[in-house]
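Colleague: My structure file start37.cif, mmCIF, C-alpha atoms, is below:
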```cif
data_entry
loop_
_atom_site.label_atom_id
_atom_site.label_comp_id
_atom_site.auth_asym_id
_atom_site.auth_seq_id
_atom_site.Cartn_x
_atom_site.Cartn_y
_atom_site.Cartn_z
CA MET A 1226 220.44 101.49 129.72
CA GLN A 1227 218.10 98.79 128.43
CA PRO A 1228 219.49 95.26 128.92
CA LEU A 1229 219.91 93.20 125.75
CA ASN A 1230 219.54 89.90 127.55
CA LYS A 1231 218.11 88.63 130.82
CA ARG A 1232 217.11 85.47 132.63
CA PRO A 1233 213.98 83.94 131.09
CA GLU A 1234 210.89 84.24 133.27
CA SER A 1235 210.47 80.48 132.93
CA LEU A 1236 213.75 79.84 134.80
CA VAL A 1237 214.10 80.21 138.57
CA ASP A 1238 216.87 82.57 139.69
CA MET A 1239 219.15 80.07 141.42
CA PRO A 1240 222.49 78.33 140.78
CA MET A 1241 222.34 75.03 138.91
CA HIS A 1242 224.16 71.91 140.08
CA TYR A 1243 225.53 70.80 136.72
CA CYS A 1244 229.23 70.11 136.14
CA PRO A 1245 231.35 72.73 134.31
CA GLY A 1246 230.92 72.34 130.56
CA CYS A 1247 227.71 70.32 130.78
CA GLY A 1248 225.06 71.13 128.19
CA HIS A 1249 222.02 70.74 130.45
CA GLY A 1250 222.11 74.36 131.64
CA ILE A 1251 222.11 75.61 128.05
CA ILE A 1252 219.21 73.36 127.13
CA HIS A 1253 217.24 74.43 130.21
CA ARG A 1254 217.57 78.04 129.13
CA LEU A 1255 216.44 77.24 125.58
CA VAL A 1256 213.35 75.42 126.85
CA ALA A 1257 212.59 78.38 129.13
CA GLU A 1258 213.07 80.92 126.34
CA ALA A 1259 210.70 78.95 124.10
CA MET A 1260 208.09 78.88 126.87
CA ASP A 1261 208.41 82.64 127.35
CA GLU A 1262 208.22 83.49 123.67
CA LEU A 1263 205.17 81.28 123.15
CA ASN A 1264 203.57 82.65 126.33
CA ILE A 1265 202.78 79.18 127.67
CA ARG A 1266 204.57 79.17 131.04
CA THR A 1267 201.46 79.41 133.23
CA ARG A 1268 199.82 76.42 131.55
CA THR A 1269 202.91 74.25 131.13
CA ILE A 1270 203.65 71.11 133.15
CA GLY A 1271 207.11 69.56 132.88
CA VAL A 1272 208.17 66.02 133.73
CA ALA A 1273 211.63 65.82 135.31
CA PRO A 1274 213.77 62.72 134.70
CA VAL A 1275 215.81 60.48 136.93
CA GLY A 1276 219.37 61.35 135.96
CA CYS A 1277 221.56 64.43 135.81
CA ALA A 1278 218.48 66.65 135.36
CA VAL A 1279 216.74 65.14 138.39
CA PHE A 1280 216.48 68.62 139.94
CA ALA A 1281 214.92 70.22 136.85
CA ASP A 1282 211.78 70.81 138.90
CA SER A 1283 213.81 73.29 140.95
CA TYR A 1284 214.96 75.25 137.91
CA PHE A 1285 211.90 75.59 135.67
CA ASN A 1286 209.40 78.21 136.81
CA CYS A 1287 206.37 76.13 135.92
CA ASP A 1288 204.49 73.19 137.40
CA MET A 1289 206.68 70.08 137.43
CA ILE A 1290 206.32 66.42 138.35
CA GLN A 1291 208.81 63.61 138.77
CA GLY A 1292 208.25 59.88 138.68
CA PRO A 1293 210.09 56.58 138.25
CA HIS A 1294 213.10 56.25 135.97
CA GLY A 1295 212.18 56.28 132.29
CA ARG A 1296 208.46 56.82 132.73
CA GLY A 1297 208.36 60.44 131.57
CA PRO A 1298 206.33 59.83 128.39
CA ALA A 1299 203.78 57.77 130.33
CA GLU A 1300 203.45 60.51 132.96
CA ALA A 1301 203.21 63.18 130.26
CA THR A 1302 200.52 61.12 128.52
CA GLY A 1303 198.44 60.91 131.69
CA ILE A 1304 198.74 64.63 132.38
CA LYS A 1305 197.88 65.62 128.82
CA ARG A 1306 194.87 63.32 128.62
CA ALA A 1307 193.56 64.46 132.01
CA LYS A 1308 194.22 68.16 131.28
CA PRO A 1309 194.27 68.56 127.47
CA ASP A 1310 194.50 72.36 127.67
CA THR A 1311 197.94 72.18 129.32
CA ILE A 1312 201.27 72.11 127.52
CA VAL A 1313 203.29 69.10 128.68
CA PHE A 1314 206.96 68.33 128.13
CA SER A 1315 209.11 65.41 129.21
CA TYR A 1316 212.80 66.22 129.72
CA GLN A 1317 214.97 63.07 129.52
CA GLY A 1318 218.54 61.83 129.18
CA ASP A 1319 219.73 58.93 127.05
CA GLY A 1320 219.76 56.40 129.89
CA ASP A 1321 216.33 57.49 131.05
CA LEU A 1322 214.72 57.55 127.60
CA ALA A 1323 216.59 54.99 125.50
CA SER A 1324 217.15 52.27 128.13
CA ILE A 1325 214.63 51.78 130.92
CA GLY A 1326 212.19 54.15 129.20
CA MET A 1327 212.36 52.64 125.71
CA ALA A 1328 208.88 51.13 125.83
CA GLU A 1329 207.33 54.38 127.08
CA ILE A 1330 208.86 56.58 124.38
CA VAL A 1331 208.08 54.16 121.54
CA HIS A 1332 204.47 53.64 122.55
CA ALA A 1333 203.90 57.37 123.16
CA ALA A 1334 205.05 57.92 119.58
CA ILE A 1335 202.91 55.03 118.29
CA ARG A 1336 199.86 56.63 119.89
CA SER A 1337 200.99 60.06 118.65
CA GLU A 1338 200.44 61.55 122.08
CA ASN A 1339 200.27 65.33 121.79
CA ILE A 1340 203.32 65.94 123.99
CA THR A 1341 206.79 67.44 123.59
CA VAL A 1342 209.89 65.41 124.47
CA ILE A 1343 213.31 66.99 125.02
CA PHE A 1344 215.90 64.19 124.72
CA VAL A 1345 219.43 65.05 125.89
CA ASN A 1346 221.99 62.66 124.39
CA ASN A 1347 225.47 62.82 125.91
CA ALA A 1348 226.24 59.15 125.16
CA ILE A 1349 226.85 58.13 128.78
CA TYR A 1350 225.21 57.71 132.17
CA GLY A 1351 226.13 60.94 133.92
CA MET A 1352 224.54 61.00 137.38
CA THR A 1353 225.51 57.47 138.39
CA GLY A 1354 229.19 57.72 137.51
CA GLY A 1355 229.83 57.27 133.81
CA GLN A 1356 228.53 53.82 132.91
CA MET A 1357 227.88 52.77 129.31
CA ALA A 1358 224.55 54.05 127.98
CA PRO A 1359 222.42 52.82 125.08
CA THR A 1360 223.91 55.67 123.03
CA THR A 1361 227.57 55.14 123.99
CA LEU A 1362 229.71 55.07 120.83
CA ILE A 1363 231.67 52.06 119.61
CA GLY A 1364 235.14 52.43 121.14
CA GLN A 1365 234.01 54.99 123.71
CA LYS A 1366 235.26 54.21 127.21
CA ALA A 1367 232.99 54.07 130.25
CA THR A 1368 233.23 52.63 133.75
CA THR A 1369 231.43 49.48 132.57
CA CYS A 1370 233.51 49.14 129.38
CA VAL A 1371 236.93 50.42 130.38
CA GLU A 1372 238.53 49.39 127.08
CA GLY A 1373 235.73 50.86 125.02
CA ARG A 1374 232.33 49.66 123.83
CA THR A 1375 232.36 46.81 121.35
CA ALA A 1376 229.51 45.78 119.06
CA LYS A 1377 230.11 42.10 119.82
CA GLN A 1378 229.70 42.54 123.56
CA ALA A 1379 227.15 45.38 123.82
CA GLY A 1380 225.64 45.90 120.39
CA TYR A 1381 225.48 49.23 118.58
CA PRO A 1382 224.44 52.71 119.78
CA ILE A 1383 220.69 53.27 119.59
CA LYS A 1384 219.69 56.04 117.19
CA MET A 1385 216.39 57.28 118.56
CA CYS A 1386 215.43 59.75 115.82
CA GLU A 1387 216.04 57.14 113.14
CA LEU A 1388 214.15 54.50 115.12
CA LEU A 1389 211.12 56.69 115.83
CA ALA A 1390 211.04 57.95 112.25
CA THR A 1391 209.68 54.50 111.35
CA VAL A 1392 206.73 55.00 113.71
CA GLU A 1393 203.64 56.29 111.96
CA GLY A 1394 202.47 58.31 114.95
CA ALA A 1395 205.65 60.39 115.26
CA ARG A 1396 204.97 63.82 113.77
CA TYR A 1397 208.20 65.78 114.32
CA LEU A 1398 211.71 64.48 115.05
CA GLU A 1399 214.86 66.59 114.89
CA ARG A 1400 218.40 66.10 116.16
CA THR A 1401 220.40 69.20 117.06
CA SER A 1402 223.38 70.06 119.27
CA VAL A 1403 224.56 72.71 121.72
CA HIS A 1404 228.32 72.45 121.12
CA THR A 1405 228.46 75.58 118.95
CA ALA A 1406 226.64 78.92 118.87
CA PRO A 1407 224.83 78.07 115.58
CA GLY A 1408 223.89 74.73 117.12
CA VAL A 1409 222.37 76.48 120.13
CA LEU A 1410 220.25 78.69 117.86
CA LYS A 1411 219.04 75.68 115.83
CA THR A 1412 218.22 73.82 119.04
CA LYS A 1413 216.11 76.70 120.30
CA ALA A 1414 214.22 76.85 117.01
CA ALA A 1415 213.59 73.09 117.15
CA ILE A 1416 212.34 73.19 120.75
CA LYS A 1417 210.06 76.10 119.94
CA LYS A 1418 208.68 74.22 116.94
CA ALA A 1419 208.06 71.12 119.07
CA PHE A 1420 206.06 73.22 121.54
CA GLN A 1421 204.18 74.93 118.70
CA ASN A 1422 203.25 71.53 117.29
CA GLN A 1423 201.65 70.66 120.62
CA ILE A 1424 199.80 73.96 120.71
CA ASP A 1425 198.49 73.16 117.22
CA CYS A 1426 197.53 69.59 118.32
CA LYS A 1427 199.75 67.94 115.72
CA GLY A 1428 200.81 65.01 117.90
CA PHE A 1429 204.08 63.55 119.13
CA SER A 1430 207.23 65.70 118.82
CA MET A 1431 210.76 64.97 120.02
CA VAL A 1432 213.93 67.04 119.85
CA GLU A 1433 217.15 65.10 120.43
CA VAL A 1434 220.02 67.33 121.56
CA LEU A 1435 223.66 66.20 121.43
CA SER A 1436 225.25 67.52 124.61
CA MET A 1437 228.63 67.59 126.34
CA CYS A 1438 229.63 65.60 129.43
CA PRO A 1439 233.26 66.59 130.18
CA THR A 1440 233.28 64.93 133.61
CA ASN A 1441 232.37 61.42 132.47
CA TRP A 1442 234.06 61.65 129.08
CA GLY A 1443 237.32 62.35 130.86
CA THR A 1444 238.00 65.55 128.94
CA ARG A 1445 239.79 68.43 130.65
CA LEU A 1446 237.50 70.72 132.61
CA ASP A 1447 239.94 73.60 132.05
CA ASN A 1448 239.71 73.14 128.28
CA PRO A 1449 236.02 73.03 127.24
CA SER A 1450 236.96 72.78 123.57
CA GLU A 1451 237.94 69.13 124.09
CA ALA A 1452 234.32 68.20 124.81
CA THR A 1453 232.88 70.29 121.99
CA THR A 1454 235.43 68.77 119.61
CA TYR A 1455 234.30 65.30 120.69
CA VAL A 1456 230.70 66.16 119.80
CA ASN A 1457 231.78 67.44 116.40
CA ASP A 1458 234.35 64.79 115.48
CA SER A 1459 232.85 61.67 117.08
CA MET A 1460 229.20 61.98 118.12
CA MET A 1461 227.95 63.69 114.98
CA LYS A 1462 229.40 60.91 112.80
CA VAL A 1463 227.18 58.40 114.60
CA PHE A 1464 224.26 60.75 115.26
CA PRO A 1465 223.97 63.09 112.24
CA LEU A 1466 222.09 66.31 112.84
CA GLY A 1467 218.92 67.13 110.97
CA VAL A 1468 215.16 66.76 110.69
CA TYR A 1469 214.19 63.09 110.62
CA LYS A 1470 210.46 63.51 110.34
CA GLN A 1471 208.19 66.49 109.87
CA GLU A 1472 204.53 66.32 108.98
CA ALA A 1473 202.47 69.34 108.01
#
```
Translate the structure of the given file into structure tokens.
Modeller:
Amino acid sequence: MQPLNKRPESLVDMPMHYCPGCGHGIIHRLVAEAMDELNIRTRTIGVAPVGCAVFADSYFNCDMIQGPHGRGPAEATGIKRAKPDTIVFSYQGDGDLASIGMAEIVHAAIRSENITVIFVNNAIYGMTGGQMAPTTLIGQKATTCVEGRTAKQAGYPIKMCELLATVEGARYLERTSVHTAPGVLKTKAAIKKAFQNQIDCKGFSMVEVLSMCPTNWGTRLDNPSEATTYVNDSMMKVFPLGVYKQEA
């Protein structure tokens, strides 16, 4: 019997460390499937973040590098400029990209570096225990805002696709999600397009993916629908899905 599905060649056959219900594992598979289908695995170099995906270099079956917190776009820039024939992606969370790494992501877009950025937005710091992130929603509770984020005290959630859409050098920006099956399919298509843009030397591409974090959101681990409902009913109102910039 011929199998209908199998592990992508671009993923290592090993258990992942992510919490039950986390979206990182799904997104890893989608990145790997895109690499396989575009036949770019052997010339791809990934940049792992500091955060929940800190061990991404153990899971992707391609060359990987890891550096200081938030510096993924700068590292990806250096790799791409030194080895322009490689395909380079930076995989980052919201704390990594939108806080300590804000300067790096903005200036990589300004320069229209020909790299691919996968931005996982779960609206909270996951690895370090659930602190408020730049993308934490107004009213959302975290260990550093136990009564919920307020605009007066902490400002408003940063909307990265909207922000980077104002940058002339950004060529492709799309926000997707992995909280539903259709969302997963759209996310895969967006990631594949972002890689294809790099292959075609079109410049800076970023895919922002809304993802679940049941552990730090305080939703029930035995009822995954609570986390997916939160993405649908709360996150998507603040971070609407869609293509924010696309240049031919």
Colleague: Can you translate the PyMOL selection byres ((chain A and resi 1365) around 12) into the concrete residues it hits in this file, as a PyMOL selection string?
Modeller: chain A and resi 1347-1349+1355-1364+1366-1376+1379+1381-1382+1441-1443+1455+1459-1460+1463
Colleague: Determine, counting all atoms listed in the file, which protein, DNA and RNA residues have an atom within 10 Å of an atom of Leu1322 (chain A); residues of the same chain fewer than 5 positions away are not included. Present the result as a list in words.
Modeller: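 Everything that qualifies: Pro1274, Val1275, His1294, Gly1295, Arg1296, Gly1297, Pro1298, Ser1315, Tyr1316, Gln1317, Met1327, Ala1328, Glu1329, Ile1330, Val1331, Val1342, Ile1343, Phe1344, Val1345, Asn1346, Pro1359 and Met1385 of chain A.
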Colleague: Suppose a student applies the PyMOL selection byres ((chain A and resi 1244) around 10) to this structure; what residues should they get, written as a ChimeraX atom specification?
Modeller: /A:1241-1243,1245-1250,1277,1351,1438-1441,1446
Colleague: How would the residues just picked look written out with C-alpha atoms as a PDB file, in the coordinates of the input?
Modeller:
```
ATOM      1  CA  MET A1241     222.340  75.030 138.910  1.00  0.00           C
ATOM      2  CA  HIS A1242     224.160  71.910 140.080  1.00  0.00           C
ATOM      3  CA  TYR A1243     225.530  70.800 136.720  1.00  0.00           C
ATOM      4  CA  PRO A1245     231.350  72.730 134.310  1.00  0.00           C
ATOM      5  CA  GLY A1246     230.920  72.340 130.560  1.00  0.00           C
ATOM      6  CA  CYS A1247     227.710  70.320 130.780  1.00  0.00           C
ATOM      7  CA  GLY A1248     225.060  71.130 128.190  1.00  0.00           C
ATOM      8  CA  HIS A1249     222.020  70.740 130.450  1.00  0.00           C
ATOM      9  CA  GLY A1250     222.110  74.360 131.640  1.00  0.00           C
ATOM     10  CA  CYS A1277     221.560  64.430 135.810  1.00  0.00           C
ATOM     11  CA  GLY A1351     226.130  60.940 133.920  1.00  0.00           C
ATOM     12  CA  CYS A1438     229.630  65.600 129.430  1.00  0.00           C
ATOM     13  CA  PRO A1439     233.260  66.590 130.180  1.00  0.00           C
ATOM     14  CA  THR A1440     233.280  64.930 133.610  1.00  0.00           C
ATOM     15  CA  ASN A1441     232.370  61.420 132.470  1.00  0.00           C
ATOM     16  CA  LEU A1446     237.500  70.720 132.610  1.00  0.00           C
TER      17      LEU A1446
END
```
Colleague: Under the rule that all atoms listed in the file are counted, which of A:Ile1312, A:Ala1406, A:Ala1257, A:Ile1383 is the nearest residue to Val1237 (chain A)?
Modeller: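 Checking each candidate against Val1237 (chain A), we get A:Ala1257 as the closest.
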Colleague: Give as a list in words the residues that the PyMOL selection byres ((chain A and resi 1256) around 9) matches when applied to the coordinates above.
Modeller: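 Residues picked by the PyMOL selection byres ((chain A and resi 1256) around 9): Ser1235, Ile1251, Ile1252, His1253, Arg1254, Leu1255, Ala1257, Glu1258, Ala1259, Met1260, Asp1261, Phe1285, Ile1343, Lys1413, Ile1416 and Lys1417 of chain A.
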Colleague: Kindly save the residues from that selection, with C-alpha atoms included, as a PDB file, keeping the file's coordinate frame.
Modeller:
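Below is the file that was written, selection_24.pdb:
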```pdb
ATOM      1  CA  SER A1235     210.470  80.480 132.930  1.00  0.00           C
ATOM      2  CA  ILE A1251     222.110  75.610 128.050  1.00  0.00           C
ATOM      3  CA  ILE A1252     219.210  73.360 127.130  1.00  0.00           C
ATOM      4  CA  HIS A1253     217.240  74.430 130.210  1.00  0.00           C
ATOM      5  CA  ARG A1254     217.570  78.040 129.130  1.00  0.00           C
ATOM      6  CA  LEU A1255     216.440  77.240 125.580  1.00  0.00           C
ATOM      7  CA  ALA A1257     212.590  78.380 129.130  1.00  0.00           C
ATOM      8  CA  GLU A1258     213.070  80.920 126.340  1.00  0.00           C
ATOM      9  CA  ALA A1259     210.700  78.950 124.100  1.00  0.00           C
ATOM     10  CA  MET A1260     208.090  78.880 126.870  1.00  0.00           C
ATOM     11  CA  ASP A1261     208.410  82.640 127.350  1.00  0.00           C
ATOM     12  CA  PHE A1285     211.900  75.590 135.670  1.00  0.00           C
ATOM     13  CA  ILE A1343     213.310  66.990 125.020  1.00  0.00           C
ATOM     14  CA  LYS A1413     216.110  76.700 120.300  1.00  0.00           C
ATOM     15  CA  ILE A1416     212.340  73.190 120.750  1.00  0.00           C
ATOM     16  CA  LYS A1417     210.060  76.100 119.940  1.00  0.00           C
TER      17      LYS A1417
END
```
Colleague: Taking only C-alpha atoms into account, name the residue in A:Ala1281, A:Val1403, A:Val1409, A:Leu1263 that is nearest to Asn1457 (chain A).
Modeller: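 Looking only at the distances to Asn1457 (chain A), the closest residue turns out to be A:Val1403.
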Colleague: With only C-alpha atoms as the atoms that count, which of A:Ile1265, A:Ala1395, A:Ala1299, A:Ile1335 lies nearest to Glu1472 (chain A)?
Modeller: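 For Glu1472 (chain A), the nearest of the candidates is A:Ala1395.
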Colleague: Considering all atoms listed in the file, state which residue in the set A:Met1461, A:Asp1238, A:Phe1280, A:Arg1400 is at the smallest distance from Glu1387 (chain A).
Modeller: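 Among the listed residues, the smallest separation from Glu1387 (chain A) belongs to A:Arg1400.
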Colleague: Once you count all atoms listed in the file, which residues end up no further than 10 Å from (214.8, 71.6, 117.1) in the file's frame, shown as JSON, numbers by chain?
Modeller: {"A": [1343, 1397, 1398, 1399, 1400, 1401, 1402, 1408, 1409, 1410, 1411, 1412, 1413, 1414, 1415, 1416, 1417, 1418, 1419, 1420, 1430, 1431, 1432, 1433, 1434, 1466, 1467, 1468]}
Colleague: May I have the selected residues written with C-alpha atoms, as an mmCIF file, in the coordinates of the input?
Modeller:
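Heads up, here's the output in again-v9.cif:
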```
data_model
loop_
_atom_site.group_PDB
_atom_site.id
_atom_site.type_symbol
_atom_site.label_atom_id
_atom_site.label_comp_id
_atom_site.auth_asym_id
_atom_site.auth_seq_id
_atom_site.Cartn_x
_atom_site.Cartn_y
_atom_site.Cartn_z
ATOM 1 C CA ILE A 1343 213.310 66.990 125.020
ATOM 2 C CA TYR A 1397 208.200 65.780 114.320
ATOM 3 C CA LEU A 1398 211.710 64.480 115.050
ATOM 4 C CA GLU A 1399 214.860 66.590 114.890
ATOM 5 C CA ARG A 1400 218.400 66.100 116.160
ATOM 6 C CA THR A 1401 220.400 69.200 117.060
ATOM 7 C CA SER A 1402 223.380 70.060 119.270
ATOM 8 C CA GLY A 1408 223.890 74.730 117.120
ATOM 9 C CA VAL A 1409 222.370 76.480 120.130
ATOM 10 C CA LEU A 1410 220.250 78.690 117.860
ATOM 11 C CA LYS A 1411 219.040 75.680 115.830
ATOM 12 C CA THR A 1412 218.220 73.820 119.040
ATOM 13 C CA LYS A 1413 216.110 76.700 120.300
ATOM 14 C CA ALA A 1414 214.220 76.850 117.010
ATOM 15 C CA ALA A 1415 213.590 73.090 117.150
ATOM 16 C CA ILE A 1416 212.340 73.190 120.750
ATOM 17 C CA LYS A 1417 210.060 76.100 119.940
ATOM 18 C CA LYS A 1418 208.680 74.220 116.940
ATOM 19 C CA ALA A 1419 208.060 71.120 119.070
ATOM 20 C CA PHE A 1420 206.060 73.220 121.540
ATOM 21 C CA SER A 1430 207.230 65.700 118.820
ATOM 22 C CA MET A 1431 210.760 64.970 120.020
ATOM 23 C CA VAL A 1432 213.930 67.040 119.850
ATOM 24 C CA GLU A 1433 217.150 65.100 120.430
ATOM 25 C CA VAL A 1434 220.020 67.330 121.560
ATOM 26 C CA LEU A 1466 222.090 66.310 112.840
ATOM 27 C CA GLY A 1467 218.920 67.130 110.970
ATOM 28 C CA VAL A 1468 215.160 66.760 110.690
#
```
Colleague: Env of region 1421-1426 of chain A: 7 Å cut, atoms = all atoms listed in the file, seq-sep filter 5 positions within chain, self excluded. Answer as a ChimeraX atom specification.
Modeller: /A:1339-1341
